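Asker: What follows is target_28.cif, mmCIF, C-alpha atoms.
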```cif
data_upload
#
loop_
_atom_site.label_atom_id
_atom_site.label_comp_id
_atom_site.auth_asym_id
_atom_site.auth_seq_id
_atom_site.Cartn_x
_atom_site.Cartn_y
_atom_site.Cartn_z
CA MET A 1 7.38 32.90 23.16
CA ILE A 2 8.89 29.46 23.66
CA GLY A 3 5.97 28.55 25.92
CA ASP A 4 3.54 29.53 23.15
CA THR A 5 5.35 27.38 20.61
CA LEU A 6 5.44 24.46 23.04
CA SER A 7 1.73 24.66 23.77
CA GLN A 8 1.07 24.90 20.01
CA VAL A 9 3.14 21.75 19.45
CA GLY A 10 1.22 20.08 22.29
CA THR A 11 -2.13 20.90 20.64
CA LEU A 12 -0.88 19.61 17.30
CA LEU A 13 0.36 16.43 18.99
CA ALA A 14 -3.14 15.82 20.38
CA THR A 15 -4.95 16.46 17.10
CA HIS A 16 -2.55 15.49 14.30
CA SER A 17 -0.25 12.81 15.75
CA ILE A 18 -2.19 9.93 14.18
CA TYR A 19 -1.39 11.34 10.71
CA TRP A 20 2.29 11.43 11.69
CA LEU A 21 2.19 7.79 12.79
CA PHE A 22 0.91 6.81 9.34
CA ILE A 23 3.52 9.02 7.65
CA ILE A 24 6.25 7.22 9.67
CA LEU A 25 4.84 3.86 8.48
CA MET A 26 4.81 5.12 4.87
CA MET A 27 8.44 6.19 5.15
CA THR A 28 9.44 2.75 6.51
CA GLY A 29 7.95 1.16 3.38
CA PHE A 30 9.63 3.79 1.18
CA TYR A 31 12.97 3.09 2.87
CA ILE A 32 12.65 -0.63 2.07
CA VAL A 33 11.96 0.24 -1.60
CA VAL A 34 14.96 2.55 -2.04
CA SER A 35 17.58 0.85 0.16
CA ARG A 36 17.20 -2.88 -0.56
CA GLY A 37 18.42 -4.26 -3.87
CA ASN A 38 16.37 -7.46 -3.92
CA LEU A 39 13.41 -7.00 -6.27
CA ILE A 40 10.97 -9.14 -4.19
CA LYS A 41 11.82 -7.04 -1.13
CA LYS A 42 11.20 -3.90 -3.14
CA ILE A 43 7.71 -5.16 -4.05
CA ILE A 44 6.97 -6.06 -0.40
CA GLY A 45 8.16 -2.58 0.65
CA LEU A 46 5.89 -1.03 -1.97
CA ASN A 47 2.99 -3.04 -0.48
CA LEU A 48 3.75 -1.73 3.02
CA PHE A 49 3.90 1.83 1.67
CA GLN A 50 0.58 1.30 -0.09
CA THR A 51 -1.17 -0.08 3.02
CA SER A 52 0.10 2.89 5.07
CA VAL A 53 -1.33 5.31 2.50
CA PHE A 54 -4.66 3.46 2.79
CA LEU A 55 -4.58 3.84 6.59
CA PHE A 56 -3.84 7.56 6.21
CA TYR A 57 -6.71 7.98 3.75
CA ILE A 58 -9.19 6.07 5.93
CA SER A 59 -8.20 8.18 8.96
CA ILE A 60 -9.52 11.26 7.10
CA GLY A 61 -13.01 9.73 7.06
CA LYS A 62 -13.07 8.88 10.78
CA VAL A 63 -15.43 10.87 13.01
CA THR A 64 -14.79 10.90 16.77
CA GLY A 65 -17.46 8.84 18.54
CA GLY A 66 -18.74 7.58 15.19
CA THR A 67 -19.71 4.04 14.24
CA PRO A 68 -19.09 2.10 11.01
CA PRO A 69 -21.43 3.30 8.23
CA ILE A 70 -23.86 0.39 8.54
CA LEU A 71 -27.45 1.43 9.27
CA PRO A 72 -29.77 -0.38 11.70
CA MET A 73 -31.90 -3.17 10.20
CA LYS A 74 -35.04 -1.03 10.00
CA LEU A 75 -33.04 1.45 7.85
CA LYS A 76 -34.05 4.23 10.22
CA VAL A 77 -31.30 6.85 10.54
CA ASP A 78 -31.84 8.46 13.92
CA ASP A 79 -30.43 11.89 14.48
CA PHE A 80 -28.36 10.94 17.53
CA SER A 81 -26.04 8.37 15.99
CA VAL A 82 -22.90 9.52 14.19
CA TYR A 83 -21.52 7.53 11.28
CA SER A 84 -18.02 7.73 9.82
CA ASN A 85 -17.73 8.83 6.20
CA PRO A 86 -18.36 5.85 3.84
CA LEU A 87 -16.76 7.43 0.77
CA PRO A 88 -13.05 6.91 1.67
CA HIS A 89 -13.89 3.28 2.51
CA VAL A 90 -15.30 2.71 -0.99
CA LEU A 91 -12.32 4.32 -2.70
CA ILE A 92 -9.84 2.29 -0.64
CA LEU A 93 -11.73 -0.97 -1.30
CA THR A 94 -11.14 -0.33 -5.01
CA ALA A 95 -7.52 0.64 -4.36
CA ILE A 96 -6.75 -2.57 -2.40
CA VAL A 97 -7.95 -4.81 -5.25
CA VAL A 98 -6.12 -2.75 -7.88
CA GLY A 99 -3.02 -2.87 -5.65
CA VAL A 100 -3.04 -6.67 -5.64
CA ALA A 101 -3.41 -6.69 -9.44
CA THR A 102 -0.36 -4.44 -9.87
CA THR A 103 1.58 -6.54 -7.31
CA ALA A 104 0.85 -9.65 -9.39
CA LEU A 105 2.08 -7.89 -12.53
CA GLY A 106 5.27 -6.74 -10.78
CA LEU A 107 5.97 -10.21 -9.41
CA SER A 108 5.52 -11.84 -12.83
CA LEU A 109 7.97 -9.27 -14.24
CA ILE A 110 10.42 -10.42 -11.54
CA ILE A 111 9.95 -14.06 -12.64
CA ARG A 112 10.70 -13.09 -16.27
CA ILE A 113 13.78 -11.10 -15.18
CA ARG A 114 15.01 -14.16 -13.27
CA GLU A 115 14.46 -16.35 -16.37
CA SER A 116 16.40 -13.97 -18.62
CA TYR A 117 19.19 -12.79 -16.31
CA GLY A 118 19.43 -15.50 -13.63
CA THR A 119 19.33 -12.98 -10.76
CA ILE A 120 16.87 -10.65 -9.02
CA GLU A 121 19.43 -8.40 -7.33
CA GLU A 122 19.51 -4.83 -8.61
CA SER A 123 23.30 -4.48 -8.44
CA ASP A 124 23.89 -7.71 -10.41
CA LEU A 125 21.32 -6.68 -13.01
CA LEU A 126 23.00 -3.29 -13.52
CA GLU A 127 26.39 -5.03 -13.85
CA ILE A 128 25.04 -7.49 -16.46
CA ASN A 129 23.37 -4.68 -18.39
CA ARG A 130 26.61 -2.68 -18.44
CA LYS A 131 28.53 -5.67 -19.78
CA ILE A 132 25.94 -6.38 -22.49
CA PHE A 133 25.87 -2.80 -23.71
CA SER A 134 29.66 -2.36 -23.72
CA ARG A 135 30.07 -5.63 -25.65
CA GLU A 136 27.47 -4.58 -28.22
CA ASN A 137 29.24 -1.27 -28.71
CA VAL A 138 32.59 -3.01 -29.26
CA GLN A 139 31.06 -5.36 -31.84
CA ASP A 140 29.34 -2.47 -33.58
CA LEU A 141 32.60 -0.54 -33.78
CA GLN A 142 34.45 -3.59 -35.11
CA GLN A 143 31.85 -4.17 -37.81
CA GLY A 144 31.80 -0.47 -38.56
CA ASP A 145 28.01 -0.29 -38.70
CA LEU A 146 27.46 1.92 -35.67
CA PHE A 147 26.41 4.83 -37.90
CA LYS A 148 24.93 2.71 -40.67
CA ASP A 149 21.64 4.56 -40.79
CA GLU A 150 23.22 7.93 -41.48
CA MET B 1 -19.05 12.83 28.86
CA GLN B 2 -16.77 11.00 31.29
CA SER B 3 -17.25 7.67 29.49
CA ASN B 4 -16.71 9.36 26.10
CA SER B 5 -13.27 10.71 27.03
CA GLY B 6 -12.40 7.34 28.59
CA ARG B 7 -13.36 5.61 25.34
CA LYS B 8 -11.21 8.03 23.35
CA LYS B 9 -8.23 7.33 25.63
CA ILE B 10 -8.62 3.55 25.20
CA GLU B 11 -8.94 3.99 21.43
CA SER B 12 -5.69 5.97 21.23
CA ILE B 13 -3.89 3.38 23.39
CA ILE B 14 -5.03 0.56 21.05
CA ILE B 15 -4.05 2.56 17.94
CA LEU B 16 -0.61 3.29 19.43
CA ALA B 17 -0.06 -0.39 20.36
CA LEU B 18 -1.05 -1.54 16.85
CA PHE B 19 1.24 1.12 15.37
CA ILE B 20 4.19 -0.18 17.40
CA PHE B 21 3.55 -3.74 16.17
CA LEU B 22 3.22 -2.45 12.58
CA VAL B 23 6.60 -0.70 12.83
CA ILE B 24 8.17 -3.87 14.28
CA SER B 25 6.89 -6.00 11.39
CA ALA B 26 8.03 -3.38 8.84
CA ILE B 27 11.51 -3.40 10.40
CA GLY B 28 11.32 -7.20 10.22
CA VAL B 29 10.83 -6.98 6.44
CA LEU B 30 13.75 -4.55 6.28
CA TRP B 31 16.09 -6.72 8.33
CA VAL B 32 15.62 -10.40 7.38
CA LYS B 33 17.59 -12.01 4.55
CA HIS B 34 15.24 -14.96 4.05
CA LEU B 35 12.54 -13.79 1.65
CA PHE B 36 10.10 -16.33 3.14
CA ALA B 37 10.37 -14.54 6.50
CA ALA B 38 9.93 -11.19 4.75
CA ALA B 39 6.73 -12.47 3.12
CA MET B 40 5.43 -13.64 6.52
CA PHE B 41 6.24 -10.25 8.08
CA SER B 42 4.33 -8.50 5.30
CA GLY B 43 1.36 -10.82 5.99
CA ILE B 44 1.51 -9.88 9.68
CA PHE B 45 1.65 -6.21 8.67
CA SER B 46 -1.51 -6.64 6.57
CA PHE B 47 -3.43 -8.38 9.39
CA LEU B 48 -2.41 -5.69 11.90
CA SER B 49 -3.46 -2.95 9.50
CA ALA B 50 -6.82 -4.76 9.13
CA LEU B 51 -7.22 -4.38 12.92
CA LEU B 52 -6.34 -0.71 12.60
CA PHE B 53 -8.99 -0.33 9.86
CA VAL B 54 -11.56 -1.69 12.35
CA MET B 55 -10.42 0.94 14.87
CA LEU B 56 -10.99 3.59 12.17
CA ASP B 57 -14.58 2.34 11.57
CA ALA B 58 -13.78 0.87 8.14
CA VAL B 59 -14.99 -2.71 8.64
CA ASP B 60 -15.45 -3.47 4.93
CA VAL B 61 -11.92 -2.29 4.19
CA ALA B 62 -10.67 -4.39 7.14
CA PHE B 63 -11.92 -7.68 5.81
CA THR B 64 -10.89 -6.88 2.25
CA GLU B 65 -7.39 -6.12 3.55
CA ALA B 66 -7.35 -9.36 5.58
CA ALA B 67 -8.54 -11.49 2.65
CA VAL B 68 -6.91 -9.81 -0.33
CA GLY B 69 -3.98 -7.89 1.19
CA ALA B 70 -2.83 -10.52 3.68
CA GLY B 71 -4.05 -13.64 1.86
CA VAL B 72 -3.67 -13.21 -1.89
CA SER B 73 -0.62 -10.91 -1.80
CA THR B 74 1.30 -13.26 0.51
CA ILE B 75 0.47 -16.25 -1.70
CA LEU B 76 1.64 -14.34 -4.81
CA VAL B 77 4.93 -13.44 -3.10
CA LEU B 78 5.41 -17.05 -1.93
CA GLY B 79 4.83 -18.28 -5.49
CA THR B 80 7.43 -15.84 -6.79
CA ILE B 81 9.92 -17.02 -4.13
CA VAL B 82 9.39 -20.64 -5.26
CA LEU B 83 10.03 -19.67 -8.90
CA THR B 84 13.07 -17.46 -8.22
CA THR B 85 15.21 -17.52 -5.07
CA GLU B 86 14.67 -17.57 -1.32
CA ARG B 87 17.65 -15.58 -0.09
CA ALA B 88 18.35 -11.90 -0.61
CA LYS B 89 21.97 -10.88 -1.17
CA GLU B 90 23.88 -9.19 1.63
CA TRP B 91 23.72 -5.42 1.45
CA LYS B 92 26.50 -3.02 2.33
CA ALA B 93 26.03 -0.80 5.39
CA SER B 94 27.30 2.14 3.33
CA ASP B 95 24.21 1.84 1.10
CA ASN B 96 21.96 2.82 4.00
CA LEU B 97 22.84 6.51 4.42
CA ARG B 98 21.57 8.20 1.24
CA PRO B 99 18.16 6.42 1.29
CA LEU B 100 17.83 7.35 4.97
CA LEU B 101 18.39 11.06 4.20
CA LEU B 102 15.88 10.89 1.31
CA VAL B 103 13.28 9.21 3.51
CA ILE B 104 13.72 11.66 6.40
CA LEU B 105 13.43 14.61 3.98
CA THR B 106 10.26 13.20 2.37
CA GLY B 107 8.76 12.42 5.77
CA ALA B 108 9.50 15.92 7.06
CA ILE B 109 7.82 17.48 4.01
CA LEU B 110 4.77 15.23 4.45
CA ILE B 111 4.48 16.07 8.16
CA TYR B 112 4.81 19.78 7.31
CA GLY B 113 1.98 19.32 4.78
CA SER B 114 -0.19 17.51 7.33
CA LEU B 115 -0.17 20.57 9.63
CA ASP B 116 -2.78 22.20 7.39
CA MET B 117 -5.15 19.25 7.67
CA PRO B 118 -8.26 19.40 9.85
CA GLU B 119 -7.90 17.78 13.27
CA PHE B 120 -8.33 14.01 13.45
CA GLY B 121 -11.96 12.90 13.92
CA SER B 122 -13.40 16.40 13.49
CA ILE B 123 -17.03 16.27 12.35
CA SER B 124 -16.80 19.70 10.66
CA ALA B 125 -13.86 18.72 8.40
CA PRO B 126 -14.43 19.33 4.66
CA ALA B 127 -14.38 15.58 4.00
CA GLN B 128 -17.37 15.07 6.30
CA THR B 129 -19.59 17.92 5.10
CA HIS B 130 -20.08 17.13 1.43
CA VAL B 131 -21.12 14.06 -0.51
CA GLY B 132 -20.46 11.44 2.21
CA LEU B 133 -23.34 12.74 4.31
CA THR B 134 -25.66 12.67 1.28
CA TYR B 135 -24.88 8.99 0.71
CA LEU B 136 -25.67 8.22 4.37
CA GLU B 137 -29.01 10.04 4.17
CA SER B 138 -30.24 8.80 0.80
CA THR B 139 -29.14 5.15 0.90
CA PRO B 140 -32.25 3.93 2.82
CA LYS B 141 -34.56 5.65 0.30
CA ASP B 142 -32.63 4.93 -2.92
CA ILE B 143 -31.08 1.51 -2.41
CA GLY B 144 -32.77 0.06 0.67
CA ILE B 145 -29.85 -1.88 2.18
CA PRO B 146 -28.16 -1.28 5.55
CA ASN B 147 -24.53 -1.21 4.40
CA VAL B 148 -23.81 2.23 2.94
CA VAL B 149 -20.35 1.22 1.67
CA THR B 150 -21.88 -1.56 -0.46
CA ALA B 151 -24.55 0.84 -1.73
CA VAL B 152 -21.96 3.38 -2.86
CA LEU B 153 -19.62 0.73 -4.29
CA ALA B 154 -22.19 -1.17 -6.33
CA SER B 155 -24.73 1.51 -7.21
CA TYR B 156 -23.81 5.18 -6.76
CA ARG B 157 -20.28 4.62 -8.00
CA GLY B 158 -20.89 1.44 -9.98
CA PHE B 159 -18.88 2.74 -12.94
CA ASP B 160 -15.81 3.06 -10.70
CA THR B 161 -16.17 -0.61 -9.87
CA LEU B 162 -16.54 -1.42 -13.58
CA GLY B 163 -13.30 0.49 -14.20
CA GLU B 164 -11.64 -1.47 -11.39
CA THR B 165 -12.73 -4.73 -13.05
CA ALA B 166 -11.18 -3.50 -16.31
CA VAL B 167 -7.89 -2.77 -14.48
CA VAL B 168 -7.84 -6.21 -12.84
CA PHE B 169 -8.61 -7.87 -16.20
CA THR B 170 -5.79 -5.95 -17.88
CA ALA B 171 -3.37 -6.95 -15.12
CA GLY B 172 -4.48 -10.60 -15.44
CA VAL B 173 -3.90 -10.57 -19.21
CA GLY B 174 -0.52 -8.91 -18.60
CA VAL B 175 0.53 -11.62 -16.12
CA LEU B 176 -0.56 -14.37 -18.54
CA MET B 177 1.40 -12.82 -21.41
CA LEU B 178 4.51 -12.22 -19.27
CA LEU B 179 4.57 -15.75 -17.91
CA GLY B 180 3.89 -17.17 -21.39
CA GLY B 181 0.65 -18.95 -20.59
CA PHE B 182 -0.61 -18.56 -24.16
CA ILE B 183 2.65 -19.29 -25.96
CA ARG B 184 3.47 -22.44 -23.97
CA THR B 185 0.07 -24.08 -24.54
CA ARG B 186 0.18 -23.22 -28.25
CA SER B 187 3.68 -24.62 -28.81
CA ARG B 188 2.71 -27.77 -26.94
CA ARG B 189 -0.32 -28.16 -29.19
CA ASP B 190 1.80 -27.53 -32.30
CA ARG B 191 4.25 -30.21 -31.24
CA GLY B 192 1.52 -32.68 -30.34
#
```
Could you express the structure from this file as structure tokens?

Answerer:
Amino acid sequence: MIGDTLSQVGTLLATHSIYWLFIILMMTGFYIVVSRGNLIKKIIGLNLFQTSVFLFYISIGKVTGGTPPILPMKLKVDDFSVYSNPLPHVLILTAIVVGVATTALGLSLIIRIRESYGTIEESDLLEINRKIFSRENVQDLQQGDLFKDE
Amino acid sequence: MQSNSGRKKIESIIILALFIFLVISAIGVLWVKHLFAAAMFSGIFSFLSALLFVMLDAVDVAFTEAAVGAGVSTILVLGTIVLTTERAKEWKASDNLRPLLLVILTGAILIYGSLDMPEFGSISAPAQTHVGLTYLESTPKDIGIPNVVTAVLASYRGFDTLGETAVVFTAGVGVLMLLGGFIRTRSRRDRG
């Protein structure tokens, strides 16, 4: 019984371990996003996560013993050569460019946050926000217009 | 047959070595407090993943990743560091536990999900038996260029690329509006 399970795990290790390597990389990027409070670090972590997902996706299109999907110059596809799947490559090319565009947008948001709040640390931002909102509430209560609309 | 299995062994050794370097650079990003060093580590990560893309037969993706992922992204991060701050605040060690549990849980679920996937490099996997093969066969007749990836990108799925251009344009307009490119030039003109 245990021997069966072990041999099963061994087979899986031979055939699926490359997916697990990419999942470990993804999780490293994810850990940077959720555990570090600095916004620039969060964006860099998101980039690492993204690149690992790309690697995972490309690994689906790989064929053992295959070559890159570039045909010989005479455009003659002979039946003996094996090519890897070109479709994941195309999709990931698009995704890389879109990823840089969203990174640029995120980074410019960080610059605006720094201009308005003077910090790019998550904990400081939460603290400032709490202060602003509590002060507004106090002022509203003092002026008695908290329920003005009703 | 002998040379084929030898080649496969060498390929897995190279992939494993690149993976170890990738993990080291990711941990570098995690660990350093200087954001400049973090940006450099993320550049190294991108270049290493470009090498890994070559190992996975995706040469077009590899040089896009090297140019756009490692080049442009790193420059954007460096620009942001210049405009904001170059040191991250110290973090408390007690903040590390809950994210670690979350990450281990997510990773375990993903690995459990990957057990149903076809084996790596299998030629009979669903991904290999449908439209990808058609593109490989019909590109010489339809488009007449050697690079199948370019043929699919610019012709068969040209509308996808048009959509991508729309997304990049939208992001560019968004960055300009956020950083006040329009407003600043207009107010300067009004004053002058």

Asker: Using all atoms listed in the file, find which residues of chain B lie within 6 Å of chain A and jot them down as JSON, numbers by chain.

Answerer: {"B": [30, 56, 57, 61, 88, 99, 103, 119, 120, 121, 122, 123, 132, 140, 146, 147, 148, 149, 153, 168, 171, 175]}

Asker: What gap, in Å, lies between CA of Ala37 (chain B) and CA of Val77 (chain B)?

Answerer: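 Straight-line distance from CA of Ala37 (chain B) to CA of Val77 (chain B) works out to 11.1 Å.
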
Asker: Starting from the PyMOL selection byres ((chain B and resi 47) around 10), expand the selection into actual residues of this file and give them as a PyMOL selection string.

Answerer: chain B and resi 22+41-46+48-53+62-63+65-67+69-71

Asker: Grab the CA of Gln128 (chain B) to CA of Lys8 (chain B) distance for me, in Å with one decimal place.

Answerer: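 Straight-line distance from CA of Gln128 (chain B) to CA of Lys8 (chain B) works out to 19.4 Å.
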
Asker: Go ahead and compute the interatomic distance for CA of Ala108 (chain B) and CA of Ile14 (chain B), in Å to one decimal.

Answerer: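 A separation of 25.4 Å between them.
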
Asker: Return as JSON the centre and edge lengths, in Å with one decimal, of the box along x, y and z that encloses every atom of region 64-69 of chain B in the file, padded by 8 Å per side.

Answerer:
```
{"center_x": -7.4, "center_y": -8.8, "center_z": 2.6, "size_x": 22.9, "size_y": 21.4, "size_z": 21.9}
```

Asker: Can you list, as a PyMOL selection string, the residues that the PyMOL selection byres ((chain B and resi 155-159) around 10) selects here?

Answerer: (chain A and resi 87+90-91) or (chain B and resi 135+139+142-143+149-154+160-165)

Asker: Determine the nearest neighbour of Phe36 (chain B) from the options B:Ile75, B:Leu136, B:Val167, B:Leu176, counting only C-alpha atoms.

Answerer: B:Ile75

Asker: Under the rule that all atoms listed in the file are counted, which of B:Asp116, B:Leu133, B:Pro126, B:Trp91 is the nearest residue to Trp31 (chain B)?

Answerer: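 With all atoms listed in the file as the atom set, the closest residue is B:Trp91.
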